[in-house]
file my_file33.pdb (PDB, C-alpha atoms, pLDDT in the B column)
ATOM      1  CA  LEU A   1       0.000   0.000   0.000  1.00 73.00           C
ATOM      2  CA  TRP A   2       2.842   2.377   0.763  1.00 76.00           C
ATOM      3  CA  ASP A   3       4.370   1.699  -2.666  1.00 78.00           C
ATOM      4  CA  SER A   4       1.029   2.413  -4.344  1.00 82.00           C
ATOM      5  CA  PHE A   5       0.562   5.576  -2.301  1.00 83.00           C
ATOM      6  CA  SER A   6       4.093   6.752  -3.170  1.00 82.00           C
ATOM      7  CA  ASP A   7       3.511   6.108  -6.876  1.00 84.00           C
ATOM      8  CA  VAL A   8       0.563   8.503  -6.825  1.00 88.00           C
ATOM      9  CA  ASP A   9       2.171  11.029  -4.455  1.00 85.00           C
ATOM     10  CA  THR A  10       4.163  12.697  -7.225  1.00 84.00           C
ATOM     11  CA  ASP A  11       5.387  15.664  -5.149  1.00 79.00           C
ATOM     12  CA  GLY A  12       6.467  13.435  -2.255  1.00 76.00           C
ATOM     13  CA  ASP A  13       4.679  15.383   0.480  1.00 75.00           C
ATOM     14  CA  ARG A  14       2.994  12.273   1.943  1.00 76.00           C
ATOM     15  CA  ARG A  15      -0.525  13.423   1.113  1.00 82.00           C
ATOM     16  CA  LEU A  16      -2.583  13.162  -2.025  1.00 88.00           C
ATOM     17  CA  SER A  17      -4.450  15.969  -3.712  1.00 88.00           C
ATOM     18  CA  LYS A  18      -7.402  15.067  -5.918  1.00 90.00           C
ATOM     19  CA  GLU A  19      -5.357  16.042  -8.976  1.00 90.00           C
ATOM     20  CA  GLU A  20      -2.559  13.633  -8.015  1.00 90.00           C
ATOM     21  CA  PHE A  21      -4.992  10.816  -7.254  1.00 91.00           C
ATOM     22  CA  VAL A  22      -6.950  11.168 -10.486  1.00 91.00           C
ATOM     23  CA  ALA A  23      -3.750  11.414 -12.545  1.00 90.00           C
ATOM     24  CA  GLY A  24      -2.205   8.348 -10.894  1.00 88.00           C
ATOM     25  CA  ALA A  25      -5.291   6.141 -10.603  1.00 87.00           C
ATOM     26  CA  LYS A  26      -4.363   3.934 -13.562  1.00 86.00           C
ATOM     27  CA  SER A  27      -0.896   3.273 -12.162  1.00 83.00           C
ATOM     28  CA  ILE A  28      -2.466   1.545  -9.135  1.00 82.00           C
ATOM     29  CA  ASP A  29      -5.072  -0.359 -11.187  1.00 79.00           C
ATOM     30  CA  MET A  30      -7.984   1.745  -9.998  1.00 83.00           C
ATOM     31  CA  SER A  31     -11.023   0.594 -11.962  1.00 83.00           C
ATOM     32  CA  GLU A  32     -13.522   2.740 -10.040  1.00 87.00           C
ATOM     33  CA  ASP A  33     -14.121   6.410 -10.829  1.00 90.00           C
ATOM     34  CA  PRO A  34     -11.063   8.037  -9.171  1.00 90.00           C
ATOM     35  CA  GLU A  35     -12.868  11.259  -8.278  1.00 92.00           C
ATOM     36  CA  ASP A  36     -15.587   9.329  -6.445  1.00 91.00           C
ATOM     37  CA  VAL A  37     -12.980   7.176  -4.695  1.00 91.00           C
ATOM     38  CA  PHE A  38     -11.015  10.255  -3.594  1.00 91.00           C
ATOM     39  CA  ASP A  39     -14.159  11.819  -2.122  1.00 90.00           C
ATOM     40  CA  GLU A  40     -14.807   8.595  -0.167  1.00 89.00           C
ATOM     41  CA  MET A  41     -11.251   8.552   1.164  1.00 87.00           C
ATOM     42  CA  ASP A  42     -11.322  12.255   2.057  1.00 85.00           C
ATOM     43  CA  THR A  43     -13.654  11.732   4.993  1.00 81.00           C
ATOM     44  CA  ASN A  44     -13.073  15.165   6.535  1.00 74.00           C
ATOM     45  CA  GLY A  45     -13.489  17.016   3.234  1.00 78.00           C
ATOM     46  CA  GLY A  46     -10.122  18.749   3.566  1.00 75.00           C
ATOM     47  CA  GLY A  47      -9.121  18.171  -0.055  1.00 83.00           C
ATOM     48  CA  LEU A  48      -6.161  15.956   0.876  1.00 84.00           C
ATOM     49  CA  VAL A  49      -5.856  12.243   1.606  1.00 85.00           C
ATOM     50  CA  LEU A  50      -3.253  10.997   4.101  1.00 81.00           C
ATOM     51  CA  PHE A  51      -1.730   7.524   4.067  1.00 77.00           C
ATOM     52  CA  ASP A  52      -3.908   6.209   6.896  1.00 75.00           C
ATOM     53  CA  GLU A  53      -7.065   7.304   5.020  1.00 79.00           C
ATOM     54  CA  PHE A  54      -5.711   5.681   1.868  1.00 80.00           C
ATOM     55  CA  CYS A  55      -5.028   2.450   3.784  1.00 75.00           C
ATOM     56  CA  THR A  56      -8.443   2.390   5.413  1.00 76.00           C
ATOM     57  CA  TRP A  57     -10.263   2.682   2.086  1.00 80.00           C
ATOM     58  CA  MET A  58      -7.999   0.257   0.233  1.00 75.00           C
ATOM     59  CA  ALA A  59      -8.173  -2.327   3.021  1.00 68.00           C
ATOM     60  CA  ALA A  60     -11.960  -2.145   3.108  1.00 70.00           C
ATOM     61  CA  LYS A  61     -12.660  -2.000  -0.634  1.00 68.00           C
ATOM     62  CA  LYS A  62      -9.711  -3.445  -2.549  1.00 61.00           C
ATOM     63  CA  TYR A  63      -7.851  -5.737  -0.155  1.00 51.00           C
ATOM     64  CA  PRO A  64     -10.252  -6.885   2.567  1.00 50.00           C
ATOM     65  CA  ALA A  65      -8.425  -7.857   5.729  1.00 45.00           C
ATOM     66  CA  PRO A  66      -8.833 -11.341   7.248  1.00 45.00           C
ATOM     67  CA  LYS A  67     -11.783 -11.818   9.551  1.00 47.00           C
ATOM     68  CA  GLY A  68     -11.182 -10.154  12.894  1.00 48.00           C
ATOM     69  CA  ALA A  69      -8.545  -7.790  11.549  1.00 45.00           C
ATOM     70  CA  GLN A  70      -9.249  -4.083  11.418  1.00 46.00           C
ATOM     71  CA  PRO A  71      -7.903  -1.697   8.761  1.00 44.00           C
ATOM     72  CA  GLU A  72      -6.949   0.716  11.537  1.00 45.00           C
ATOM     73  CA  ALA A  73      -4.284  -1.771  12.590  1.00 42.00           C
ATOM     74  CA  VAL A  74      -1.981  -0.197  10.005  1.00 43.00           C
ATOM     75  CA  ALA A  75      -1.910   3.134  11.845  1.00 44.00           C
ATOM     76  CA  PRO A  76       0.735   2.251  14.469  1.00 43.00           C
ATOM     77  CA  VAL A  77       3.018   0.927  11.734  1.00 43.00           C
ATOM     78  CA  VAL A  78       2.679   4.167   9.787  1.00 44.00           C
ATOM     79  CA  ALA A  79       3.327   6.286  12.838  1.00 44.00           C
ATOM     80  CA  GLN A  80       6.422   4.247  13.737  1.00 45.00           C
ATOM     81  CA  LYS A  81       7.771   4.486  10.187  1.00 44.00           C
ATOM     82  CA  GLU A  82       7.356   8.249  10.082  1.00 47.00           C
ATOM     83  CA  LYS A  83       8.880   8.758  13.524  1.00 46.00           C
ATOM     84  CA  GLU A  84      12.027   6.943  12.449  1.00 45.00           C
ATOM     85  CA  ALA A  85      12.761   9.675   9.885  1.00 44.00           C
ATOM     86  CA  PRO A  86      14.205  12.833  11.474  1.00 47.00           C
ATOM     87  CA  LYS A  87      12.086  15.904  10.958  1.00 43.00           C
ATOM     88  CA  PRO A  88      13.901  18.440   8.765  1.00 39.00           C
ATOM     89  CA  LYS A  89      14.477  21.879  10.228  1.00 45.00           C
ATOM     90  CA  ARG A  90      11.774  24.216   9.030  1.00 43.00           C
ATOM     91  CA  THR A  91      12.860  27.523   7.580  1.00 42.00           C
ATOM     92  CA  PRO A  92      11.048  30.389   9.328  1.00 51.00           C
ATOM     93  CA  ARG A  93       8.347  31.691   7.019  1.00 48.00           C
ATOM     94  CA  LYS A  94       7.780  35.332   6.236  1.00 51.00           C
ATOM     95  CA  LYS A  95       4.431  37.009   6.370  1.00 59.00           C
ATOM     96  CA  ILE A  96       3.261  37.862   2.875  1.00 61.00           C
ATOM     97  CA  ASP A  97       2.943  41.550   2.057  1.00 66.00           C
ATOM     98  CA  VAL A  98      -0.384  41.715   0.259  1.00 69.00           C
ATOM     99  CA  PRO A  99       0.024  44.121  -2.696  1.00 71.00           C
ATOM    100  CA  SER A 100      -2.268  47.036  -3.382  1.00 79.00           C
ATOM    101  CA  GLU A 101      -5.443  46.400  -5.357  1.00 80.00           C
ATOM    102  CA  GLU A 102      -3.827  47.790  -8.519  1.00 84.00           C
ATOM    103  CA  GLU A 103      -0.759  45.569  -8.089  1.00 85.00           C
ATOM    104  CA  CYS A 104      -3.012  42.573  -7.456  1.00 82.00           C
ATOM    105  CA  MET A 105      -4.715  43.173 -10.788  1.00 86.00           C
ATOM    106  CA  ASP A 106      -1.328  43.290 -12.524  1.00 87.00           C
ATOM    107  CA  ILE A 107      -0.248  40.023 -10.888  1.00 86.00           C
ATOM    108  CA  PHE A 108      -3.581  38.420 -11.755  1.00 90.00           C
ATOM    109  CA  ALA A 109      -3.141  39.391 -15.409  1.00 89.00           C
ATOM    110  CA  MET A 110       0.305  37.740 -15.481  1.00 87.00           C
ATOM    111  CA  ILE A 111      -1.021  34.524 -13.964  1.00 87.00           C
ATOM    112  CA  ASP A 112      -4.175  34.397 -16.099  1.00 88.00           C
ATOM    113  CA  MET A 113      -2.361  33.097 -19.160  1.00 82.00           C
ATOM    114  CA  ASN A 114      -5.512  32.384 -21.205  1.00 83.00           C
ATOM    115  CA  GLY A 115      -7.113  35.694 -20.267  1.00 87.00           C
ATOM    116  CA  ASN A 116     -10.450  34.221 -19.204  1.00 89.00           C
ATOM    117  CA  GLY A 117     -10.536  36.136 -15.915  1.00 90.00           C
ATOM    118  CA  LEU A 118     -10.517  32.920 -13.876  1.00 92.00           C
ATOM    119  CA  LEU A 119      -7.759  31.137 -11.965  1.00 91.00           C
ATOM    120  CA  SER A 120      -7.988  27.412 -11.269  1.00 89.00           C
ATOM    121  CA  LEU A 121      -6.385  25.738  -8.257  1.00 88.00           C
ATOM    122  CA  ALA A 122      -3.605  24.434 -10.517  1.00 86.00           C
ATOM    123  CA  GLU A 123      -2.893  27.945 -11.824  1.00 88.00           C
ATOM    124  CA  LEU A 124      -2.830  29.363  -8.306  1.00 89.00           C
ATOM    125  CA  ASP A 125      -0.533  26.564  -7.154  1.00 88.00           C
ATOM    126  CA  LYS A 126       1.951  27.348  -9.937  1.00 86.00           C
ATOM    127  CA  ALA A 127       1.701  31.083  -9.271  1.00 86.00           C
ATOM    128  CA  VAL A 128       2.477  30.668  -5.580  1.00 86.00           C
ATOM    129  CA  LEU A 129       5.476  28.465  -6.403  1.00 84.00           C
ATOM    130  CA  ALA A 130       6.804  31.021  -8.897  1.00 82.00           C
ATOM    131  CA  THR A 131       6.011  34.238  -7.023  1.00 82.00           C
ATOM    132  CA  TRP A 132       5.952  33.324  -3.325  1.00 80.00           C
ATOM    133  CA  PRO A 133       7.906  30.033  -3.080  1.00 83.00           C
ATOM    134  CA  GLU A 134       8.213  30.348   0.699  1.00 80.00           C
ATOM    135  CA  PHE A 135       4.420  29.952   0.890  1.00 82.00           C
ATOM    136  CA  ASN A 136       4.294  26.829  -1.262  1.00 79.00           C
ATOM    137  CA  ASN A 137       2.538  24.370   1.003  1.00 79.00           C
ATOM    138  CA  LYS A 138      -0.543  22.600  -0.250  1.00 82.00           C
ATOM    139  CA  PRO A 139      -2.725  22.741   2.890  1.00 84.00           C
ATOM    140  CA  ALA A 140      -2.494  26.547   3.073  1.00 86.00           C
ATOM    141  CA  ILE A 141      -3.043  26.994  -0.675  1.00 89.00           C
ATOM    142  CA  MET A 142      -6.028  24.645  -0.645  1.00 89.00           C
ATOM    143  CA  ARG A 143      -7.617  26.379   2.347  1.00 89.00           C
ATOM    144  CA  ALA A 144      -7.031  29.838   0.847  1.00 90.00           C
ATOM    145  CA  TYR A 145      -8.516  28.693  -2.453  1.00 91.00           C
ATOM    146  CA  LYS A 146     -11.634  27.235  -0.827  1.00 91.00           C
ATOM    147  CA  ALA A 147     -12.135  30.274   1.401  1.00 90.00           C
ATOM    148  CA  THR A 148     -11.900  32.606  -1.605  1.00 91.00           C
ATOM    149  CA  ASP A 149     -14.168  30.600  -3.910  1.00 89.00           C
ATOM    150  CA  THR A 150     -17.344  31.748  -2.187  1.00 86.00           C
ATOM    151  CA  ASN A 151     -19.627  31.007  -5.145  1.00 87.00           C
ATOM    152  CA  SER A 152     -18.221  27.468  -5.509  1.00 87.00           C
ATOM    153  CA  ASN A 153     -17.576  27.791  -9.245  1.00 89.00           C
ATOM    154  CA  GLY A 154     -14.142  26.215  -8.841  1.00 89.00           C
ATOM    155  CA  TYR A 155     -12.190  29.366  -9.715  1.00 92.00           C
ATOM    156  CA  VAL A 156     -10.775  32.514  -8.157  1.00 92.00           C
ATOM    157  CA  GLU A 157     -12.030  35.502 -10.108  1.00 92.00           C
ATOM    158  CA  GLN A 158     -10.197  38.771 -10.616  1.00 89.00           C
ATOM    159  CA  HIS A 159     -12.086  40.668  -7.920  1.00 88.00           C
ATOM    160  CA  GLU A 160     -11.392  37.828  -5.455  1.00 90.00           C
ATOM    161  CA  PHE A 161      -7.635  37.612  -5.992  1.00 90.00           C
ATOM    162  CA  MET A 162      -6.681  40.062  -3.244  1.00 87.00           C
ATOM    163  CA  PHE A 163      -8.723  38.007  -0.790  1.00 89.00           C
ATOM    164  CA  PHE A 164      -6.881  34.866  -1.923  1.00 90.00           C
ATOM    165  CA  LEU A 165      -3.545  36.477  -1.038  1.00 87.00           C
ATOM    166  CA  GLN A 166      -4.877  37.576   2.345  1.00 85.00           C
ATOM    167  CA  PHE A 167      -6.145  34.064   3.048  1.00 88.00           C
ATOM    168  CA  LEU A 168      -2.831  32.629   1.841  1.00 87.00           C
ATOM    169  CA  SER A 169      -1.016  34.715   4.435  1.00 82.00           C
ATOM    170  CA  TYR A 170      -3.528  33.794   7.140  1.00 83.00           C
ATOM    171  CA  TYR A 171      -3.403  30.052   6.525  1.00 85.00           C
ATOM    172  CA  ASN A 172       0.378  30.046   6.228  1.00 83.00           C
ATOM    173  CA  ASN A 173       0.600  31.657   9.653  1.00 81.00           C
ATOM    174  CA  LEU A 174      -1.699  28.915  10.967  1.00 83.00           C
ATOM    175  CA  TRP A 175       0.464  26.323   9.221  1.00 82.00           C
ATOM    176  CA  ASP A 176       3.539  27.712  11.000  1.00 81.00           C
ATOM    177  CA  SER A 177       1.782  27.356  14.349  1.00 84.00           C
ATOM    178  CA  PHE A 178       0.646  23.824  13.499  1.00 87.00           C
ATOM    179  CA  SER A 179       4.184  22.853  12.445  1.00 84.00           C
ATOM    180  CA  ASP A 180       5.655  24.248  15.672  1.00 85.00           C
ATOM    181  CA  VAL A 181       3.417  21.927  17.686  1.00 89.00           C
ATOM    182  CA  ASP A 182       3.755  18.931  15.321  1.00 89.00           C
ATOM    183  CA  THR A 183       7.072  17.819  16.801  1.00 87.00           C
ATOM    184  CA  ASP A 184       7.250  14.439  15.024  1.00 86.00           C
ATOM    185  CA  GLY A 185       6.416  15.961  11.646  1.00 83.00           C
ATOM    186  CA  ASP A 186       3.623  13.523  10.750  1.00 85.00           C
ATOM    187  CA  ARG A 187       1.135  16.333   9.971  1.00 83.00           C
ATOM    188  CA  ARG A 188      -1.143  15.194  12.789  1.00 89.00           C
ATOM    189  CA  LEU A 189      -1.327  16.421  16.370  1.00 91.00           C
ATOM    190  CA  SER A 190      -1.702  14.072  19.304  1.00 91.00           C
ATOM    191  CA  LYS A 191      -3.048  15.466  22.556  1.00 91.00           C
ATOM    192  CA  GLU A 192       0.419  15.104  24.090  1.00 91.00           C
ATOM    193  CA  GLU A 193       1.980  17.201  21.313  1.00 91.00           C
ATOM    194  CA  PHE A 194      -0.713  19.852  21.539  1.00 91.00           C
ATOM    195  CA  VAL A 195      -0.537  20.205  25.318  1.00 92.00           C
ATOM    196  CA  ALA A 196       3.279  20.320  25.232  1.00 90.00           C
ATOM    197  CA  GLY A 197       3.335  22.944  22.486  1.00 87.00           C
ATOM    198  CA  ALA A 198       0.431  25.113  23.596  1.00 86.00           C
ATOM    199  CA  LYS A 199       2.637  27.803  25.103  1.00 85.00           C
ATOM    200  CA  SER A 200       4.684  28.120  21.899  1.00 81.00           C
ATOM    201  CA  ILE A 201       1.548  29.261  20.052  1.00 80.00           C
ATOM    202  CA  ASP A 202       0.357  31.569  22.838  1.00 79.00           C
ATOM    203  CA  MET A 203      -2.527  29.329  23.869  1.00 82.00           C
ATOM    204  CA  SER A 204      -4.128  30.921  26.941  1.00 83.00           C
ATOM    205  CA  GLU A 205      -7.059  28.467  27.175  1.00 89.00           C
ATOM    206  CA  ASP A 206      -6.762  25.026  28.743  1.00 92.00           C
ATOM    207  CA  PRO A 207      -4.989  23.035  25.973  1.00 89.00           C
ATOM    208  CA  GLU A 208      -6.655  19.733  26.843  1.00 92.00           C
ATOM    209  CA  ASP A 209     -10.112  21.292  26.528  1.00 92.00           C
ATOM    210  CA  VAL A 210      -9.142  23.004  23.270  1.00 92.00           C
ATOM    211  CA  PHE A 211      -7.807  19.741  21.836  1.00 91.00           C
ATOM    212  CA  ASP A 212     -11.045  17.936  22.686  1.00 92.00           C
ATOM    213  CA  GLU A 213     -13.014  20.674  20.897  1.00 91.00           C
ATOM    214  CA  MET A 214     -10.830  20.345  17.802  1.00 91.00           C
ATOM    215  CA  ASP A 215     -10.970  16.549  17.783  1.00 89.00           C
ATOM    216  CA  THR A 216     -14.576  16.429  16.609  1.00 88.00           C
ATOM    217  CA  ASN A 217     -14.526  12.732  15.655  1.00 87.00           C
ATOM    218  CA  GLY A 218     -12.866  11.632  18.916  1.00 87.00           C
ATOM    219  CA  GLY A 219     -10.057   9.894  17.056  1.00 86.00           C
ATOM    220  CA  GLY A 220      -7.319  11.217  19.312  1.00 89.00           C
ATOM    221  CA  LEU A 221      -5.589  13.106  16.480  1.00 89.00           C
ATOM    222  CA  VAL A 222      -6.111  16.576  15.016  1.00 90.00           C
ATOM    223  CA  LEU A 223      -5.364  17.060  11.322  1.00 84.00           C
TER     224      LEU A 223
END

call {"tool": "encode", "arguments": {"input": "my_file33.pdb", "output": "structure tokens"}}
result
Amino acid sequence: LWDSFSDVDTDGDRRLSKEEFVAGAKSIDMSEDPEDVFDEMDTNGGGLVLFDEFCTWMAAKKYPAPKGAQPEAVAPVVAQKEKEAPKPKRTPRKKIDVPSEEECMDIFAMIDMNGNGLLSLAELDKAVLATWPEFNNKPAIMRAYKATDTNSNGYVEQHEFMFFLQFLSYYNNLWDSFSDVDTDGDRRLSKEEFVAGAKSIDMSEDPEDVFDEMDTNGGGLVL
């Protein structure tokens, strides 16, 4: 399963976007509609599928486990594997200086190569990589994109572009805080990690209570 996941995870960030999954579906012999399968795997609707979600779906639908075995049994193995790899030092991120409205329109025009007045997620992803490479992390880009696309047409329009940049800055700052607390670098927070790191993100509330509020499905991890 890890080999299959890695084949599809073309950017090597240990999570799958819908674009990656759809593009790589044939390489893992996926006969079902890949978009439907991705939506089933993405149980929290975050737009990204982690390895444990991939395993759970594959174990249930493609490779049923023996009677009495549970798909969740793979989770400790995954956690152990990830913990063995040292977490790379994270370069401190800068806060983005959102340009003026006029400058935003100029940047939008450069990105909008076909001149249709609409930017797709793929176009925004490339633009961030080219223009603000220090902000190139998929969770923040995805969240900023979804927050900006208020009419759910799948695009960021010209008049929305400034808001996208503001959201990009906001979600990157949140990502920095998340990364500071995520000491084992597995992109999930255990209660122990959150409680230990609460002071580093200026958490004044009781961290155990806050964690329980965040952990809406009671799974013991916050994504």

call {"tool": "resolve_selection", "arguments": {"input": "my_file33.pdb", "expression": "the PyMOL selection byres ((chain A and resi 114-128) around 8)", "output": "VMD selection string"}}
result
chain A and resid 109 111 to 113 129 to 133 135 to 136 138 141 to 142 145 154 to 158

call {"tool": "residues_around", "arguments": {"input": "my_file33.pdb", "residues": "A:Phe164", "least_positions_apart": "2", "cutoff": "10 Å", "atoms": "all atoms listed in the file", "output": "PyMOL selection string"}}
result
chain A and resi 98+124+141+143-149+156-157+159-162+166-170

call {"tool": "resolve_selection", "arguments": {"input": "my_file33.pdb", "expression": "the PyMOL selection byres ((chain A and resi 27-41) around 9)", "output": "PyMOL selection string"}}
result
chain A and resi 4-5+7-8+17-19+21-26+42-45+47-50+53-54+56-58

call {"tool": "atom_distance", "arguments": {"input": "my_file33.pdb", "atom1": "atom CA of A:Val222", "atom2": "atom CA of A:Lys199"}}
result
17.4 Å

call {"tool": "atom_distance", "arguments": {"input": "my_file33.pdb", "atom1": "atom CA of A:Asn137", "atom2": "atom CA of A:Tyr171"}}
result
9.9 Å

call {"tool": "atom_distance", "arguments": {"input": "my_file33.pdb", "atom1": "atom CA of A:Glu193", "atom2": "atom CA of A:Ser179"}}
result
10.7 Å

call {"tool": "closest_residue", "arguments": {"input": "my_file33.pdb", "among": "A:Arg187, A:Met110, A:Gly12, A:Leu1", "to": "A:Leu221", "atoms": "all atoms listed in the file"}}
result
A:Arg187

call {"tool": "resolve_selection", "arguments": {"input": "my_file33.pdb", "expression": "the PyMOL selection byres ((chain A and resi 182) around 12)", "output": "VMD selection string"}}
result
chain A and resid 83 87 90 175 to 181 183 to 198 200 to 201 221 to 223

call {"tool": "decode", "arguments": {"input": "my_file33.pdb", "residues": "stretch 205-223 of chain A", "atoms": "N, CA and C atoms", "output": "PDB file, in the first residue's frame"}}
result
ATOM      1  N   GLU A 205      -6.021  29.367  26.676  1.00  0.00           N
ATOM      2  CA  GLU A 205      -7.059  28.467  27.175  1.00  0.00           C
ATOM      3  C   GLU A 205      -6.432  27.142  27.630  1.00  0.00           C
ATOM      4  N   ASP A 206      -7.222  26.342  28.319  1.00  0.00           N
ATOM      5  CA  ASP A 206      -6.762  25.026  28.743  1.00  0.00           C
ATOM      6  C   ASP A 206      -6.527  24.163  27.495  1.00  0.00           C
ATOM      7  N   PRO A 207      -5.277  23.738  27.230  1.00  0.00           N
ATOM      8  CA  PRO A 207      -4.989  23.035  25.973  1.00  0.00           C
ATOM      9  C   PRO A 207      -5.705  21.693  25.837  1.00  0.00           C
ATOM     10  N   GLU A 208      -5.946  21.018  26.943  1.00  0.00           N
ATOM     11  CA  GLU A 208      -6.655  19.733  26.843  1.00  0.00           C
ATOM     12  C   GLU A 208      -8.099  19.948  26.395  1.00  0.00           C
ATOM     13  N   ASP A 209      -8.737  20.987  26.939  1.00  0.00           N
ATOM     14  CA  ASP A 209     -10.112  21.292  26.528  1.00  0.00           C
ATOM     15  C   ASP A 209     -10.160  21.723  25.068  1.00  0.00           C
ATOM     16  N   VAL A 210      -9.185  22.538  24.662  1.00  0.00           N
ATOM     17  CA  VAL A 210      -9.142  23.004  23.270  1.00  0.00           C
ATOM     18  C   VAL A 210      -8.945  21.829  22.328  1.00  0.00           C
ATOM     19  N   PHE A 211      -8.040  20.913  22.691  1.00  0.00           N
ATOM     20  CA  PHE A 211      -7.807  19.741  21.836  1.00  0.00           C
ATOM     21  C   PHE A 211      -9.091  18.933  21.669  1.00  0.00           C
ATOM     22  N   ASP A 212      -9.808  18.712  22.750  1.00  0.00           N
ATOM     23  CA  ASP A 212     -11.045  17.936  22.686  1.00  0.00           C
ATOM     24  C   ASP A 212     -12.075  18.621  21.787  1.00  0.00           C
ATOM     25  N   GLU A 213     -12.103  19.953  21.789  1.00  0.00           N
ATOM     26  CA  GLU A 213     -13.014  20.674  20.897  1.00  0.00           C
ATOM     27  C   GLU A 213     -12.614  20.495  19.435  1.00  0.00           C
ATOM     28  N   MET A 214     -11.315  20.528  19.175  1.00  0.00           N
ATOM     29  CA  MET A 214     -10.830  20.345  17.802  1.00  0.00           C
ATOM     30  C   MET A 214     -11.074  18.927  17.300  1.00  0.00           C
ATOM     31  N   ASP A 215     -10.877  17.953  18.167  1.00  0.00           N
ATOM     32  CA  ASP A 215     -10.970  16.549  17.783  1.00  0.00           C
ATOM     33  C   ASP A 215     -12.433  16.119  17.716  1.00  0.00           C
ATOM     34  N   THR A 216     -13.124  16.614  16.687  1.00  0.00           N
ATOM     35  CA  THR A 216     -14.576  16.429  16.609  1.00  0.00           C
ATOM     36  C   THR A 216     -15.000  14.974  16.431  1.00  0.00           C
ATOM     37  N   ASN A 217     -14.120  14.133  15.850  1.00  0.00           N
ATOM     38  CA  ASN A 217     -14.526  12.732  15.655  1.00  0.00           C
ATOM     39  C   ASN A 217     -14.017  11.826  16.770  1.00  0.00           C
ATOM     40  N   GLY A 218     -13.342  12.414  17.776  1.00  0.00           N
ATOM     41  CA  GLY A 218     -12.866  11.632  18.916  1.00  0.00           C
ATOM     42  C   GLY A 218     -11.794  10.631  18.567  1.00  0.00           C
ATOM     43  N   GLY A 219     -11.069  10.864  17.487  1.00  0.00           N
ATOM     44  CA  GLY A 219     -10.057   9.894  17.056  1.00  0.00           C
ATOM     45  C   GLY A 219      -8.723  10.014  17.759  1.00  0.00           C
ATOM     46  N   GLY A 220      -8.565  11.064  18.577  1.00  0.00           N
ATOM     47  CA  GLY A 220      -7.319  11.217  19.312  1.00  0.00           C
ATOM     48  C   GLY A 220      -6.231  11.929  18.529  1.00  0.00           C
ATOM     49  N   LEU A 221      -6.548  12.368  17.313  1.00  0.00           N
ATOM     50  CA  LEU A 221      -5.589  13.106  16.480  1.00  0.00           C
ATOM     51  C   LEU A 221      -6.285  14.297  15.843  1.00  0.00           C
ATOM     52  N   VAL A 222      -5.577  15.373  15.696  1.00  0.00           N
ATOM     53  CA  VAL A 222      -6.111  16.576  15.016  1.00  0.00           C
ATOM     54  C   VAL A 222      -5.317  16.783  13.749  1.00  0.00           C
ATOM     55  N   LEU A 223      -6.025  16.842  12.606  1.00  0.00           N
ATOM     56  CA  LEU A 223      -5.364  17.060  11.322  1.00  0.00           C
ATOM     57  C   LEU A 223      -5.388  18.540  10.984  1.00  0.00           C
TER      58      LEU A 223
END
